[in-house]
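Asker: So here's query.cif, just mmCIF, C-alpha atoms and all ligand atoms:
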data_entry
loop_
_atom_site.label_atom_id
_atom_site.label_comp_id
_atom_site.auth_asym_id
_atom_site.auth_seq_id
_atom_site.Cartn_x
_atom_site.Cartn_y
_atom_site.Cartn_z
CA MET A 1 -28.06 -57.28 124.68
CA GLU A 2 -31.48 -55.73 124.20
CA LEU A 3 -33.68 -54.68 127.12
CA TYR A 4 -37.47 -54.79 126.97
CA ILE A 5 -39.85 -53.83 129.75
CA ASP A 6 -42.47 -56.40 130.75
CA THR A 7 -45.54 -54.33 131.60
CA ALA A 8 -48.68 -52.73 130.19
CA ASN A 9 -48.41 -49.76 132.55
CA LEU A 10 -47.81 -46.60 130.54
CA ALA A 11 -46.19 -44.61 133.34
CA GLU A 12 -43.64 -47.38 133.89
CA ILE A 13 -42.95 -47.60 130.16
CA LYS A 14 -42.42 -43.83 129.92
CA GLU A 15 -40.08 -43.83 132.91
CA ALA A 16 -38.02 -46.76 131.61
CA HIS A 17 -37.96 -45.18 128.12
CA ALA A 18 -36.59 -41.95 129.65
CA MET A 19 -33.55 -43.93 130.89
CA GLY A 20 -32.51 -44.09 127.23
CA VAL A 21 -31.72 -47.81 127.04
CA LEU A 22 -35.12 -49.37 126.42
CA ASP A 23 -35.39 -51.40 123.21
CA GLY A 24 -38.95 -52.77 123.36
CA VAL A 25 -42.00 -53.82 125.38
CA THR A 26 -43.76 -57.10 126.12
CA THR A 27 -47.35 -57.31 127.31
CA ASN A 28 -49.56 -60.27 128.12
CA PRO A 29 -53.26 -60.75 128.99
CA SER A 30 -52.58 -60.78 132.74
CA LEU A 31 -50.65 -57.51 132.57
CA ILE A 32 -53.45 -55.86 130.55
CA ALA A 33 -56.08 -57.20 132.96
CA LYS A 34 -54.17 -55.53 135.79
CA GLU A 35 -54.43 -52.18 133.98
CA GLY A 36 -58.17 -52.65 133.27
CA ILE A 37 -57.92 -50.95 129.87
CA ASP A 38 -58.80 -51.97 126.30
CA TYR A 39 -55.85 -53.99 124.93
CA GLY A 40 -55.82 -52.36 121.47
CA LYS A 41 -56.01 -48.85 122.91
CA ARG A 42 -53.12 -49.48 125.30
CA LEU A 43 -50.97 -51.04 122.56
CA ALA A 44 -51.47 -47.94 120.41
CA GLU A 45 -50.44 -45.74 123.34
CA ILE A 46 -47.34 -47.86 123.98
CA CYS A 47 -46.33 -47.72 120.30
CA GLU A 48 -46.48 -43.92 120.45
CA VAL A 49 -43.78 -43.97 123.13
CA VAL A 50 -41.58 -46.92 122.12
CA LYS A 51 -40.57 -47.41 118.49
CA GLY A 52 -38.88 -50.79 119.05
CA PRO A 53 -40.76 -54.13 119.08
CA VAL A 54 -43.99 -54.15 121.14
CA SER A 55 -45.40 -57.63 121.76
CA ALA A 56 -49.19 -58.02 121.57
CA GLU A 57 -50.40 -61.41 122.78
CA VAL A 58 -53.41 -63.12 121.19
CA ILE A 59 -56.19 -64.30 123.48
CA ALA A 60 -57.33 -66.91 120.92
CA THR A 61 -56.02 -70.45 121.28
CA GLU A 62 -57.16 -71.90 117.95
CA TYR A 63 -55.23 -71.43 114.66
CA GLN A 64 -57.76 -69.50 112.55
CA ALA A 65 -58.80 -67.28 115.45
CA MET A 66 -55.14 -66.57 116.22
CA LEU A 67 -54.58 -65.45 112.64
CA LYS A 68 -57.60 -63.15 112.74
CA GLU A 69 -56.68 -61.61 116.07
CA GLY A 70 -52.98 -61.33 115.25
CA ARG A 71 -53.68 -59.59 111.94
CA GLU A 72 -55.87 -57.05 113.76
CA ARG A 73 -53.15 -56.39 116.32
CA ALA A 74 -50.48 -56.07 113.61
CA LYS A 75 -52.49 -53.21 112.04
CA ILE A 76 -52.12 -51.08 115.20
CA ALA A 77 -48.54 -49.99 114.41
CA PRO A 78 -45.58 -51.17 112.31
CA ASN A 79 -43.61 -52.19 115.42
CA ILE A 80 -46.24 -54.61 116.76
CA VAL A 81 -44.95 -58.17 117.21
CA VAL A 82 -47.69 -60.80 117.43
CA LYS A 83 -47.25 -62.92 120.55
CA LEU A 84 -48.43 -66.51 120.27
CA PRO A 85 -48.23 -69.47 122.66
CA CYS A 86 -45.84 -72.41 122.09
CA THR A 87 -48.63 -74.82 121.11
CA VAL A 88 -49.23 -76.64 117.81
CA ASP A 89 -51.81 -74.01 116.79
CA GLY A 90 -49.36 -71.30 117.80
CA LEU A 91 -46.63 -72.94 115.73
CA ARG A 92 -48.88 -73.04 112.65
CA ALA A 93 -49.85 -69.41 113.16
CA CYS A 94 -46.17 -68.51 113.60
CA LYS A 95 -45.37 -70.06 110.21
CA ALA A 96 -48.30 -68.26 108.56
CA PHE A 97 -47.30 -64.89 110.04
CA SER A 98 -43.64 -65.43 109.08
CA ASP A 99 -44.74 -66.11 105.49
CA GLU A 100 -46.78 -62.89 105.58
CA GLY A 101 -43.80 -60.91 106.92
CA VAL A 102 -45.36 -60.33 110.36
CA LYS A 103 -42.95 -60.70 113.30
CA THR A 104 -43.86 -63.12 116.10
CA ASN A 105 -42.88 -63.68 119.72
CA MET A 106 -43.46 -67.29 120.78
CA THR A 107 -44.35 -67.23 124.44
CA LEU A 108 -44.69 -69.74 127.30
CA CYS A 109 -41.61 -71.67 126.17
CA PHE A 110 -40.59 -74.19 128.83
CA GLN A 111 -38.46 -76.71 126.98
CA PRO A 112 -35.82 -76.59 124.21
CA LEU A 113 -37.77 -78.43 121.51
CA GLN A 114 -40.48 -75.76 121.57
CA ALA A 115 -37.71 -73.28 120.84
CA LEU A 116 -36.31 -75.41 118.00
CA MET A 117 -39.73 -75.80 116.37
CA VAL A 118 -40.68 -72.13 116.52
CA ALA A 119 -37.30 -71.13 115.08
CA LYS A 120 -37.96 -73.50 112.16
CA ALA A 121 -41.33 -71.76 111.72
CA GLY A 122 -39.56 -68.38 111.42
CA ALA A 123 -40.29 -66.87 114.84
CA TYR A 124 -38.66 -63.48 115.42
CA LEU A 125 -38.50 -64.04 119.20
CA VAL A 126 -38.86 -67.01 121.54
CA SER A 127 -39.69 -66.38 125.20
CA PRO A 128 -38.36 -68.97 127.68
CA PHE A 129 -39.85 -68.26 131.14
CA ILE A 130 -36.97 -68.48 133.61
CA GLY A 131 -38.70 -67.50 136.85
CA ARG A 132 -41.62 -69.86 136.42
CA LEU A 133 -39.22 -72.78 135.87
CA ASP A 134 -37.27 -71.83 139.00
CA ASP A 135 -40.61 -71.70 140.85
CA VAL A 136 -41.17 -75.42 140.16
CA ALA A 137 -37.62 -76.39 141.20
CA GLU A 138 -36.23 -76.54 137.65
CA ASP A 139 -33.36 -74.36 136.44
CA GLY A 140 -34.57 -71.66 134.06
CA MET A 141 -31.04 -70.67 133.11
CA VAL A 142 -30.29 -74.17 131.84
CA LEU A 143 -33.12 -73.72 129.33
CA ILE A 144 -31.57 -70.47 128.06
CA GLN A 145 -28.22 -72.25 127.64
CA GLN A 146 -29.81 -75.17 125.80
CA ILE A 147 -31.63 -72.89 123.38
CA ARG A 148 -28.47 -70.81 122.81
CA GLN A 149 -26.53 -73.97 121.95
CA ILE A 150 -29.23 -75.32 119.61
CA TYR A 151 -29.63 -72.01 117.78
CA ASP A 152 -25.87 -71.60 117.41
CA ASN A 153 -25.46 -75.19 116.17
CA TYR A 154 -27.76 -74.52 113.23
CA GLY A 155 -27.39 -70.78 112.73
CA LEU A 156 -31.06 -70.22 113.66
CA LYS A 157 -31.82 -66.51 113.70
CA THR A 158 -34.73 -66.40 116.20
CA LYS A 159 -33.81 -64.13 119.10
CA ILE A 160 -33.84 -65.59 122.60
CA LEU A 161 -35.95 -63.29 124.77
CA ALA A 162 -35.43 -64.27 128.41
CA ALA A 163 -38.78 -63.75 130.16
CA SER A 164 -40.19 -64.13 133.66
CA ILE A 165 -37.14 -62.40 135.11
CA ARG A 166 -37.45 -61.79 138.84
CA HIS A 167 -34.16 -60.28 140.04
CA ASN A 168 -30.71 -58.96 139.14
CA LYS A 169 -29.05 -62.39 139.22
CA HIS A 170 -31.39 -63.62 136.50
CA MET A 171 -30.36 -60.65 134.38
CA VAL A 172 -26.63 -61.14 134.94
CA ASP A 173 -26.86 -64.86 134.17
CA CYS A 174 -28.86 -64.19 130.99
CA ALA A 175 -26.21 -61.77 129.81
CA MET A 176 -23.46 -64.29 130.64
CA VAL A 177 -25.05 -67.16 128.72
CA GLY A 178 -25.93 -65.02 125.70
CA ALA A 179 -29.68 -64.34 125.73
CA ASP A 180 -30.28 -61.82 122.94
CA VAL A 181 -32.96 -59.90 124.83
CA ALA A 182 -34.38 -59.82 128.36
CA THR A 183 -37.84 -58.57 129.22
CA VAL A 184 -37.90 -57.25 132.74
CA PRO A 185 -40.54 -55.84 135.12
CA PHE A 186 -40.07 -52.17 136.04
CA ASN A 187 -39.28 -52.86 139.72
CA VAL A 188 -36.36 -55.07 138.64
CA ILE A 189 -35.08 -52.58 136.01
CA GLN A 190 -34.98 -50.01 138.81
CA GLN A 191 -32.40 -52.17 140.63
CA PHE A 192 -29.96 -52.35 137.69
CA MET A 193 -28.02 -49.17 138.56
CA LYS A 194 -28.08 -49.67 142.31
CA HIS A 195 -25.23 -50.53 144.68
CA PRO A 196 -24.82 -49.36 148.28
CA LEU A 197 -21.10 -48.66 147.68
CA THR A 198 -22.06 -46.32 144.82
CA ASP A 199 -24.37 -44.40 147.18
CA SER A 200 -21.94 -44.25 150.11
CA GLY A 201 -18.98 -43.45 147.81
CA LEU A 202 -20.87 -40.61 146.17
CA LYS A 203 -21.97 -39.22 149.52
CA LYS A 204 -18.35 -39.22 150.77
CA PHE A 205 -16.99 -37.55 147.60
CA ILE A 206 -19.47 -34.71 147.97
CA GLU A 207 -18.91 -34.33 151.73
CA ASP A 208 -15.09 -34.20 151.26
CA TYR A 209 -15.39 -31.63 148.51
CA LYS A 210 -17.72 -29.41 150.53
CA LYS A 211 -15.48 -29.67 153.61
CA ALA A 212 -12.50 -28.46 151.59
CA PHE A 213 -14.17 -25.81 149.44
CA GLY A 214 -17.44 -25.05 151.21
CA GLY A 215 -20.85 -24.95 149.53
C1 LIG A 301 -43.20 -62.51 128.95
O1 LIG A 301 -43.40 -61.99 127.88
C2 LIG A 301 -44.17 -62.54 130.05
O2 LIG A 301 -45.00 -61.40 129.96
C3 LIG A 301 -43.54 -62.48 131.42
O3 LIG A 301 -42.15 -62.35 131.39
C4 LIG A 301 -44.10 -63.42 132.41
O4 LIG A 301 -43.46 -63.23 133.64
P1 LIG A 301 -44.06 -63.76 135.04
O5 LIG A 301 -43.69 -65.18 135.19
O6 LIG A 301 -43.39 -62.89 136.06
O7 LIG A 301 -45.55 -63.54 134.96
#
Please express what this file holds, its structure, as structure tokens.
Ligand code: E4P

Answerer:
Amino acid sequence: MELYIDTANLAEIKEAHAMGVLDGVTTNPSLIAKEGIDYGKRLAEICEVVKGPVSAEVIATEYQAMLKEGRERAKIAPNIVVKLPCTVDGLRACKAFSDEGVKTNMTLCFQPLQALMVAKAGAYLVSPFIGRLDDVAEDGMVLIQQIRQIYDNYGLKTKILAASIRHNKHMVDCAMVGADVATVPFNVIQQFMKHPLTDSGLKKFIEDYKKAFGG
């Protein structure tokens, strides 16, 4: 299972990268707005650090404008993946980019047919938003399972990128149902290696050793 970080904050990206298990980065307009920095400049900085896929979301919502903006973003670095919304214009742009050999991440996926359509259009990644579905009393994990089943039924190669992950249970469930990738905020990644019994067990081991041998 691949792990991406969901942030535009460079310090967080560097820290997660230093853990040695980071495969890529996703950004979105809200995350960039939070950083208050030029989107292109930040993407270039991120691509210096992370050599795996870095998703750059278009602001445009109309087909031709999406193509123009996506092509500009794709020039920033070879590992840029153009992120497009799961709309009809986004689907058309996905097909055009696939034909041009540019990788795409189809975002804001909330139902299985969006995932089927974008896979047919050659998407590299599809991003179902688990947390936002849970927020409206739906079950985000069911969507991941549905997409997994559909893709496996037809041998569709688009990778399922579980997005909008809020906590460890989301991550465990995604791994159990076979999401190919998860994109996770830094504060959640920081929880992945934590358990109170690890901390107390480690403390006891060291205390026992020091009691016996000093130091
Ligand atoms: C995915 O690429 C999005 O950036 C992200 O996962 C959205 O998550 P949120 O629902 O926490 O904003």

Asker: Restrict the calculation to only C-alpha atoms and all ligand atoms, then for each residue of chain A with any atom at most 9 Å from an atom of ligand LIG 301 (chain A) give the closest atom pair and their distance in Å to one decimal, rows by chain and rising residue number, as a Markdown table.

Answerer:
| residue | atom | partner | partner_atom | distance |
| --- | --- | --- | --- | --- |
| A:Ile5 | CA | A:LIG301 | O3 | 9.0 |
| A:Asp6 | CA | A:LIG301 | O2 | 5.7 |
| A:Thr7 | CA | A:LIG301 | O2 | 7.3 |
| A:Val25 | CA | A:LIG301 | O1 | 8.7 |
| A:Thr26 | CA | A:LIG301 | O1 | 5.2 |
| A:Thr27 | CA | A:LIG301 | O2 | 5.4 |
| A:Asn28 | CA | A:LIG301 | O2 | 5.0 |
| A:Pro29 | CA | A:LIG301 | O2 | 8.3 |
| A:Ser30 | CA | A:LIG301 | O7 | 7.9 |
| A:Leu31 | CA | A:LIG301 | O2 | 7.3 |
| A:Ser55 | CA | A:LIG301 | O1 | 7.8 |
| A:Glu57 | CA | A:LIG301 | O1 | 8.7 |
| A:Lys83 | CA | A:LIG301 | O1 | 8.3 |
| A:Asn105 | CA | A:LIG301 | O1 | 8.3 |
| A:Met106 | CA | A:LIG301 | O1 | 8.9 |
| A:Thr107 | CA | A:LIG301 | O1 | 6.3 |
| A:Leu108 | CA | A:LIG301 | C1 | 7.6 |
| A:Ser127 | CA | A:LIG301 | O1 | 6.3 |
| A:Pro128 | CA | A:LIG301 | C1 | 8.2 |
| A:Phe129 | CA | A:LIG301 | O3 | 6.3 |
| A:Ile130 | CA | A:LIG301 | O5 | 7.7 |
| A:Gly131 | CA | A:LIG301 | O5 | 5.7 |
| A:Arg132 | CA | A:LIG301 | O5 | 5.3 |
| A:Leu133 | CA | A:LIG301 | O5 | 8.8 |
| A:Leu161 | CA | A:LIG301 | O1 | 8.2 |
| A:Ala162 | CA | A:LIG301 | O3 | 7.6 |
| A:Ala163 | CA | A:LIG301 | O3 | 3.9 |
| A:Ser164 | CA | A:LIG301 | O4 | 3.4 |
| A:Ile165 | CA | A:LIG301 | O3 | 6.2 |
| A:Arg166 | CA | A:LIG301 | O6 | 6.6 |
| A:Ala182 | CA | A:LIG301 | O3 | 8.7 |
| A:Thr183 | CA | A:LIG301 | O3 | 6.1 |
| A:Val184 | CA | A:LIG301 | O3 | 6.8 |
| A:Pro185 | CA | A:LIG301 | O6 | 7.7 |

Asker: Which polymer residues have any atom within 12 Å of an atom of Leu67 in chain A, counting only C-alpha atoms, with same-chain residues fewer than 6 positions away left out, as a PyMOL selection string?

Answerer: chain A and resi 57-61+73-74+82-84+89-98+100+102+104

Asker: With a distance cut-off of 12 Å and all atoms listed in the file, select the neighbouring residues of Asn153 in chain A, excluding the residue or stretch itself and same-chain residues fewer than 6 positions from it, and output the selection as a compact mmCIF listing (two decimals) with C-alpha atoms, in the frame of the given file.

Answerer:
# COMPACT_ATOMS: atom_id res chain seq x y z
CA LEU A 116 -36.31 -75.41 118.00
CA GLN A 146 -29.81 -75.17 125.80
CA ILE A 147 -31.63 -72.89 123.38

Asker: Using all atoms listed in the file, find the one residue out of A:Val21, A:Val49, A:Met66, A:Val181 that sits nearest to Leu125 in chain A.

Answerer: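 So, comparing all the options, the nearest one is A:Val181.
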
Asker: Please provide the set of residues having any atom within 6 Å of Ile160 in chain A, restricted to all atoms listed in the file, with same-chain residues fewer than 2 positions apart removed, written as a list of chain:residue names.

Answerer: A:Leu125, A:Val126, A:Ala179, A:Asp180

Asker: Kindly save the residues from that selection, with C-alpha atoms included, as a short mmCIF file (atom, residue, chain, number, x, y, z; two decimals), in the coordinates of the input.

Answerer:
data_model
loop_
_atom_site.label_atom_id
_atom_site.label_comp_id
_atom_site.auth_asym_id
_atom_site.auth_seq_id
_atom_site.Cartn_x
_atom_site.Cartn_y
_atom_site.Cartn_z
CA LEU A 125 -38.50 -64.04 119.20
CA VAL A 126 -38.86 -67.01 121.54
CA ALA A 179 -29.68 -64.34 125.73
CA ASP A 180 -30.28 -61.82 122.94
#

Asker: Name the residues in contact with Cys47 in chain A at a cut-off of 10 Å, using all atoms listed in the file, excluding same-chain residues fewer than 6 positions from it; report them as a ChimeraX atom specification.

Answerer: /A:24-25,53-54,76-80
